[in-house]
Amino acid sequence: HYKRKEAGVQRILKIVPTDESSYLFLTYPIDVSFSHPDYIAVALFAEYVGQLEGPFWKQIRGPGFAYSYSLFNSPATGSIVFYLGRATNASKAYLVAKETIDGIVKLSELDNTQIETAKGALAYNFIEKYETPSSSAHTNITNLHRGLPLNHDTVVLTQIVNITPAELLDACRKYYQPLFTASASVIVCCPDNKKDEICRDMEGIGLKIGVVDDVEGYIKSLDQ
């Protein structure tokens, strides 16, 4: 997580000569803490769009643009993150992810069966934290450190069950669509033979990326 300069965002590309795959990190600042009213809608939409046979799986993993991807809210850093790993075509994977999110907003409809599948997966993520006495104790201590009540996860499970498609669409429109705009920060690591293609594709949608050899030094320079 790095500091912005004025109102701008950082878009940098690092050449990785020993790896034939590309990696992309996309971040956008949001303030959705564990106790925020939109926390579950944000988490559930990410589960919905990223699940097996879900929208991202079909558009990114299916065609082979990238072999791993993730979309998640990070309350600790105050941002949402989109990640592509082992990408054969990072710019194309980014473009289809953007088209998927924009398409969901435009059509304003979600698959009810996939919503229920996502609800089950997200609920299990909370339930499994209480499988053993030690994991239960650890979860309770973590919740206390986060300033959450002891019944937080019980309340969350009820929220997961009761959440509506309209609330998920609102979360997509409010939080995830801005992630795929020029307001987001981008870091791409790629082999040299992919540099020109990625820069050209990204610039075509308004994301001009600068090539940086020393990422660590570049980030440190932002604090000066």
# chains A, B, ... in the order shown; residues from 1 in each chain; ligands from 1

$ closest_atom_pairs --of "segment 89-167 of chain A" --to "segment 50-61 of chain A" --cutoff "8 Å" --atoms "only C-alpha atoms" --output "tab-separated table"
residue	atom	partner	partner_atom	distance
A:Ala93	CA	A:Ile60	CA	5.6
A:Val96	CA	A:Gln59	CA	6.3
A:Ala97	CA	A:Phe56	CA	6.5
A:Thr100	CA	A:Pro55	CA	7.0
A:Gln114	CA	A:Gly54	CA	7.2
A:Ala118	CA	A:Gln51	CA	7.0

$ write_last_selection --atoms "C-alpha atoms" --output "tab-separated table (two decimals), in the first residue's frame"
chain	number	residue	atom	x	y	z
A	93	ALA	CA	-7.67	-10.70	-18.59
A	96	VAL	CA	-12.60	-9.02	-19.82
A	97	ALA	CA	-12.82	-8.53	-16.04
A	100	THR	CA	-17.78	-8.41	-16.90
A	114	GLN	CA	-24.92	-18.69	-8.43
A	118	ALA	CA	-21.83	-17.94	-3.29

$ select_by_dssp --residues "segment 75-208 of chain A" --states "alpha helix (DSSP H)" --output "ChimeraX atom specification"
/A:90-107,112-127,133-145,152-162,165-171,192-203

$ closest_residue --among "A:Val186, A:Glu109, A:Leu207, A:Ala43" --to "Phe126 of chain A" --atoms "only C-alpha atoms"
A:Ala43

$ residues_around --residues "Tyr28 of chain A" --least-positions-apart "4" --cutoff "8 Å" --atoms "only C-alpha atoms" --output "list in words"
Ser79, Ile80, Val81, Pro178, Leu179, Ser183, Ala184 and Ser185 of chain A

$ write_last_selection --atoms "all heavy atoms" --output "compact mmCIF listing (two decimals), in the first residue's frame"
# COMPACT_ATOMS: atom_id res chain seq x y z
N SER A 79 -8.87 -0.85 1.09
CA SER A 79 -8.92 -0.92 -0.37
C SER A 79 -9.55 -2.23 -0.82
O SER A 79 -9.64 -3.20 -0.06
CB SER A 79 -7.51 -0.81 -0.96
OG SER A 79 -6.70 -1.87 -0.49
N ILE A 80 -10.01 -2.23 -2.06
CA ILE A 80 -10.39 -3.50 -2.69
C ILE A 80 -9.30 -3.83 -3.70
O ILE A 80 -8.65 -2.94 -4.26
CB ILE A 80 -11.77 -3.45 -3.37
CG1 ILE A 80 -11.90 -2.23 -4.30
CG2 ILE A 80 -12.88 -3.48 -2.35
CD1 ILE A 80 -13.19 -2.25 -5.10
N VAL A 81 -9.11 -5.12 -3.93
CA VAL A 81 -7.98 -5.59 -4.72
C VAL A 81 -8.45 -6.59 -5.77
O VAL A 81 -9.27 -7.47 -5.49
CB VAL A 81 -6.93 -6.28 -3.82
CG1 VAL A 81 -5.74 -6.76 -4.65
CG2 VAL A 81 -6.47 -5.34 -2.71
N PRO A 178 -15.75 1.14 -9.89
CA PRO A 178 -14.64 2.11 -9.88
C PRO A 178 -13.25 1.46 -9.87
O PRO A 178 -12.27 2.11 -10.27
CB PRO A 178 -14.88 2.89 -8.58
CG PRO A 178 -16.34 2.75 -8.32
CD PRO A 178 -16.67 1.36 -8.76
N LEU A 179 -13.17 0.21 -9.41
CA LEU A 179 -11.88 -0.49 -9.41
C LEU A 179 -11.34 -0.66 -10.82
O LEU A 179 -10.13 -0.69 -11.03
CB LEU A 179 -12.04 -1.86 -8.73
CG LEU A 179 -10.84 -2.80 -8.70
CD1 LEU A 179 -9.71 -2.19 -7.87
CD2 LEU A 179 -11.24 -4.16 -8.12
N SER A 183 -9.28 5.55 -12.11
CA SER A 183 -9.07 5.99 -10.73
C SER A 183 -8.30 4.97 -9.90
O SER A 183 -7.89 5.26 -8.78
CB SER A 183 -10.42 6.26 -10.06
OG SER A 183 -11.12 7.30 -10.72
N ALA A 184 -8.12 3.76 -10.43
CA ALA A 184 -7.45 2.70 -9.69
C ALA A 184 -5.93 2.76 -9.89
O ALA A 184 -5.43 3.33 -10.86
CB ALA A 184 -7.98 1.34 -10.12
N SER A 185 -5.21 2.15 -8.95
CA SER A 185 -3.75 2.01 -9.07
C SER A 185 -3.42 0.62 -9.60
O SER A 185 -4.07 -0.36 -9.23
CB SER A 185 -3.09 2.23 -7.72
OG SER A 185 -3.27 3.56 -7.28

$ atom_distance --atom1 "atom CA of Pro165 of chain A" --atom2 "atom CA of Ile115 of chain A"
7.8 Å

$ select_by_dssp --residues "segment 11-82 of chain A" --states "strand (DSSP E)" --output "ChimeraX atom specification"
/A:11-15,22-29,66-74,79-82

$ atom_distance --atom1 "atom CA of Pro37 of chain A" --atom2 "atom CA of His152 of chain A"
12.4 Å

$ closest_residue --among "A:Gly217, A:Gly85, A:Pro149, A:Gly103" --to "Gln177 of chain A" --atoms "only C-alpha atoms"
A:Gly103

$ atom_distance --atom1 "atom CA of Gly120 of chain A" --atom2 "atom CA of Glu167 of chain A"
17.0 Å

$ closest_atom_pairs --of "segment 81-138 of chain A" --to "segment 67-76 of chain A" --cutoff "7 Å" --atoms "only C-alpha atoms" --output "CSV"
residue,atom,partner,partner_atom,distance
A:Val81,CA,A:Phe72,CA,5.5
A:Phe82,CA,A:Leu71,CA,4.5
A:Tyr83,CA,A:Ser70,CA,5.2
A:Leu84,CA,A:Tyr69,CA,4.5
A:Gly85,CA,A:Ser68,CA,4.9
A:Arg86,CA,A:Tyr67,CA,5.5
A:Ala87,CA,A:Tyr67,CA,6.1

$ closest_residue --among "A:Ile160, A:Leu169, A:Leu44, A:Ala182" --to "Leu107 of chain A" --atoms "only C-alpha atoms"
A:Leu169

$ closest_residue --among "A:Leu26, A:Thr77, A:Ser33, A:Tyr48" --to "Thr113 of chain A" --atoms "only C-alpha atoms"
A:Tyr48

$ closest_residue --among "A:Glu203, A:Cys172, A:Phe34, A:Lys194" --to "Ile101 of chain A" --atoms "only C-alpha atoms"
A:Cys172

$ closest_residue --among "A:Glu99, A:Lys129, A:Val161, A:Lys92" --to "Ile198 of chain A" --atoms "only C-alpha atoms"
A:Lys92

$ decode --residues "segment 35-50 of chain A" --atoms "all heavy atoms" --output "mmCIF file, in the first residue's frame"
data_model
loop_
_atom_site.group_PDB
_atom_site.id
_atom_site.type_symbol
_atom_site.label_atom_id
_atom_site.label_comp_id
_atom_site.auth_asym_id
_atom_site.auth_seq_id
_atom_site.Cartn_x
_atom_site.Cartn_y
_atom_site.Cartn_z
ATOM 1 N N SER A 35 -17.232 -3.953 10.301
ATOM 2 C CA SER A 35 -18.514 -3.572 10.898
ATOM 3 C C SER A 35 -19.345 -2.667 9.994
ATOM 4 O O SER A 35 -20.426 -2.224 10.372
ATOM 5 C CB SER A 35 -18.276 -2.861 12.237
ATOM 6 O OG SER A 35 -17.462 -1.710 12.064
ATOM 7 N N HIS A 36 -18.867 -2.398 8.812
ATOM 8 C CA HIS A 36 -19.570 -1.522 7.875
ATOM 9 C C HIS A 36 -20.854 -2.191 7.372
ATOM 10 O O HIS A 36 -20.876 -3.408 7.146
ATOM 11 C CB HIS A 36 -18.658 -1.197 6.689
ATOM 12 C CG HIS A 36 -19.147 -0.079 5.828
ATOM 13 N ND1 HIS A 36 -20.161 -0.229 4.904
ATOM 14 C CD2 HIS A 36 -18.742 1.217 5.737
ATOM 15 C CE1 HIS A 36 -20.373 0.922 4.286
ATOM 16 N NE2 HIS A 36 -19.522 1.815 4.774
ATOM 17 N N PRO A 37 -21.927 -1.447 7.186
ATOM 18 C CA PRO A 37 -23.194 -2.037 6.708
ATOM 19 C C PRO A 37 -23.070 -2.739 5.356
ATOM 20 O O PRO A 37 -23.841 -3.666 5.073
ATOM 21 C CB PRO A 37 -24.127 -0.819 6.602
ATOM 22 C CG PRO A 37 -23.557 0.179 7.547
ATOM 23 C CD PRO A 37 -22.080 -0.010 7.519
ATOM 24 N N ASP A 38 -22.100 -2.330 4.535
ATOM 25 C CA ASP A 38 -21.940 -2.939 3.211
ATOM 26 C C ASP A 38 -20.920 -4.073 3.190
ATOM 27 O O ASP A 38 -20.646 -4.642 2.124
ATOM 28 C CB ASP A 38 -21.503 -1.876 2.193
ATOM 29 C CG ASP A 38 -22.587 -0.855 1.917
ATOM 30 O OD1 ASP A 38 -23.774 -1.166 2.158
ATOM 31 O OD2 ASP A 38 -22.253 0.253 1.453
ATOM 32 N N TYR A 39 -20.356 -4.407 4.347
ATOM 33 C CA TYR A 39 -19.264 -5.388 4.375
ATOM 34 C C TYR A 39 -19.672 -6.729 3.749
ATOM 35 O O TYR A 39 -18.940 -7.292 2.919
ATOM 36 C CB TYR A 39 -18.793 -5.607 5.816
ATOM 37 C CG TYR A 39 -17.791 -6.724 5.964
ATOM 38 C CD1 TYR A 39 -16.498 -6.599 5.481
ATOM 39 C CD2 TYR A 39 -18.143 -7.926 6.586
ATOM 40 C CE1 TYR A 39 -15.578 -7.631 5.599
ATOM 41 C CE2 TYR A 39 -17.240 -8.955 6.712
ATOM 42 C CZ TYR A 39 -15.959 -8.806 6.224
ATOM 43 O OH TYR A 39 -15.059 -9.835 6.345
ATOM 44 N N ILE A 40 -20.826 -7.246 4.113
ATOM 45 C CA ILE A 40 -21.243 -8.555 3.606
ATOM 46 C C ILE A 40 -21.592 -8.484 2.124
ATOM 47 O O ILE A 40 -21.265 -9.391 1.349
ATOM 48 C CB ILE A 40 -22.425 -9.109 4.423
ATOM 49 C CG1 ILE A 40 -21.939 -9.454 5.829
ATOM 50 C CG2 ILE A 40 -23.018 -10.360 3.776
ATOM 51 C CD1 ILE A 40 -20.783 -10.441 5.867
ATOM 52 N N ALA A 41 -22.240 -7.415 1.693
ATOM 53 C CA ALA A 41 -22.566 -7.282 0.269
ATOM 54 C C ALA A 41 -21.296 -7.241 -0.573
ATOM 55 O O ALA A 41 -21.220 -7.867 -1.637
ATOM 56 C CB ALA A 41 -23.394 -6.025 0.039
ATOM 57 N N VAL A 42 -20.274 -6.526 -0.092
ATOM 58 C CA VAL A 42 -19.004 -6.443 -0.809
ATOM 59 C C VAL A 42 -18.325 -7.813 -0.855
ATOM 60 O O VAL A 42 -17.824 -8.237 -1.900
ATOM 61 C CB VAL A 42 -18.092 -5.398 -0.136
ATOM 62 C CG1 VAL A 42 -16.676 -5.467 -0.697
ATOM 63 C CG2 VAL A 42 -18.659 -4.000 -0.336
ATOM 64 N N ALA A 43 -18.317 -8.517 0.281
ATOM 65 C CA ALA A 43 -17.693 -9.838 0.334
ATOM 66 C C ALA A 43 -18.443 -10.851 -0.516
ATOM 67 O O ALA A 43 -17.847 -11.674 -1.219
ATOM 68 C CB ALA A 43 -17.614 -10.317 1.784
ATOM 69 N N LEU A 44 -19.762 -10.801 -0.467
ATOM 70 C CA LEU A 44 -20.567 -11.780 -1.194
ATOM 71 C C LEU A 44 -20.489 -11.552 -2.699
ATOM 72 O O LEU A 44 -20.449 -12.514 -3.469
ATOM 73 C CB LEU A 44 -22.021 -11.740 -0.729
ATOM 74 C CG LEU A 44 -22.950 -12.805 -1.341
ATOM 75 C CD1 LEU A 44 -22.418 -14.209 -1.075
ATOM 76 C CD2 LEU A 44 -24.364 -12.664 -0.790
ATOM 77 N N PHE A 45 -20.443 -10.297 -3.134
ATOM 78 C CA PHE A 45 -20.320 -10.065 -4.574
ATOM 79 C C PHE A 45 -18.991 -10.603 -5.087
ATOM 80 O O PHE A 45 -18.931 -11.190 -6.180
ATOM 81 C CB PHE A 45 -20.442 -8.585 -4.920
ATOM 82 C CG PHE A 45 -20.348 -8.354 -6.403
ATOM 83 C CD1 PHE A 45 -21.456 -8.513 -7.205
ATOM 84 C CD2 PHE A 45 -19.131 -8.024 -6.994
ATOM 85 C CE1 PHE A 45 -21.369 -8.349 -8.580
ATOM 86 C CE2 PHE A 45 -19.029 -7.856 -8.363
ATOM 87 C CZ PHE A 45 -20.154 -8.010 -9.158
ATOM 88 N N ALA A 46 -17.915 -10.411 -4.329
ATOM 89 C CA ALA A 46 -16.617 -10.944 -4.740
ATOM 90 C C ALA A 46 -16.671 -12.463 -4.842
ATOM 91 O O ALA A 46 -16.098 -13.062 -5.765
ATOM 92 C CB ALA A 46 -15.536 -10.513 -3.756
ATOM 93 N N GLU A 47 -17.358 -13.105 -3.901
ATOM 94 C CA GLU A 47 -17.525 -14.556 -3.936
ATOM 95 C C GLU A 47 -18.340 -14.963 -5.158
ATOM 96 O O GLU A 47 -18.018 -15.946 -5.842
ATOM 97 C CB GLU A 47 -18.231 -15.030 -2.666
ATOM 98 C CG GLU A 47 -18.286 -16.530 -2.489
ATOM 99 C CD GLU A 47 -16.933 -17.148 -2.181
ATOM 100 O OE1 GLU A 47 -16.208 -16.601 -1.329
ATOM 101 O OE2 GLU A 47 -16.606 -18.182 -2.797
ATOM 102 N N TYR A 48 -19.373 -14.207 -5.456
ATOM 103 C CA TYR A 48 -20.251 -14.497 -6.592
ATOM 104 C C TYR A 48 -19.483 -14.444 -7.913
ATOM 105 O O TYR A 48 -19.528 -15.376 -8.724
ATOM 106 C CB TYR A 48 -21.413 -13.504 -6.620
ATOM 107 C CG TYR A 48 -22.238 -13.549 -7.889
ATOM 108 C CD1 TYR A 48 -23.315 -14.420 -8.009
ATOM 109 C CD2 TYR A 48 -21.938 -12.718 -8.968
ATOM 110 C CE1 TYR A 48 -24.068 -14.473 -9.175
ATOM 111 C CE2 TYR A 48 -22.676 -12.763 -10.139
ATOM 112 C CZ TYR A 48 -23.744 -13.639 -10.241
ATOM 113 O OH TYR A 48 -24.482 -13.690 -11.404
ATOM 114 N N VAL A 49 -18.781 -13.344 -8.132
ATOM 115 C CA VAL A 49 -18.148 -13.142 -9.432
ATOM 116 C C VAL A 49 -16.915 -14.017 -9.613
ATOM 117 O O VAL A 49 -16.536 -14.354 -10.742
ATOM 118 C CB VAL A 49 -17.803 -11.648 -9.625
ATOM 119 C CG1 VAL A 49 -16.541 -11.261 -8.882
ATOM 120 C CG2 VAL A 49 -17.694 -11.292 -11.099
ATOM 121 N N GLY A 50 -16.294 -14.449 -8.503
ATOM 122 C CA GLY A 50 -15.060 -15.212 -8.608
ATOM 123 C C GLY A 50 -15.191 -16.708 -8.445
ATOM 124 O O GLY A 50 -14.212 -17.436 -8.606
#
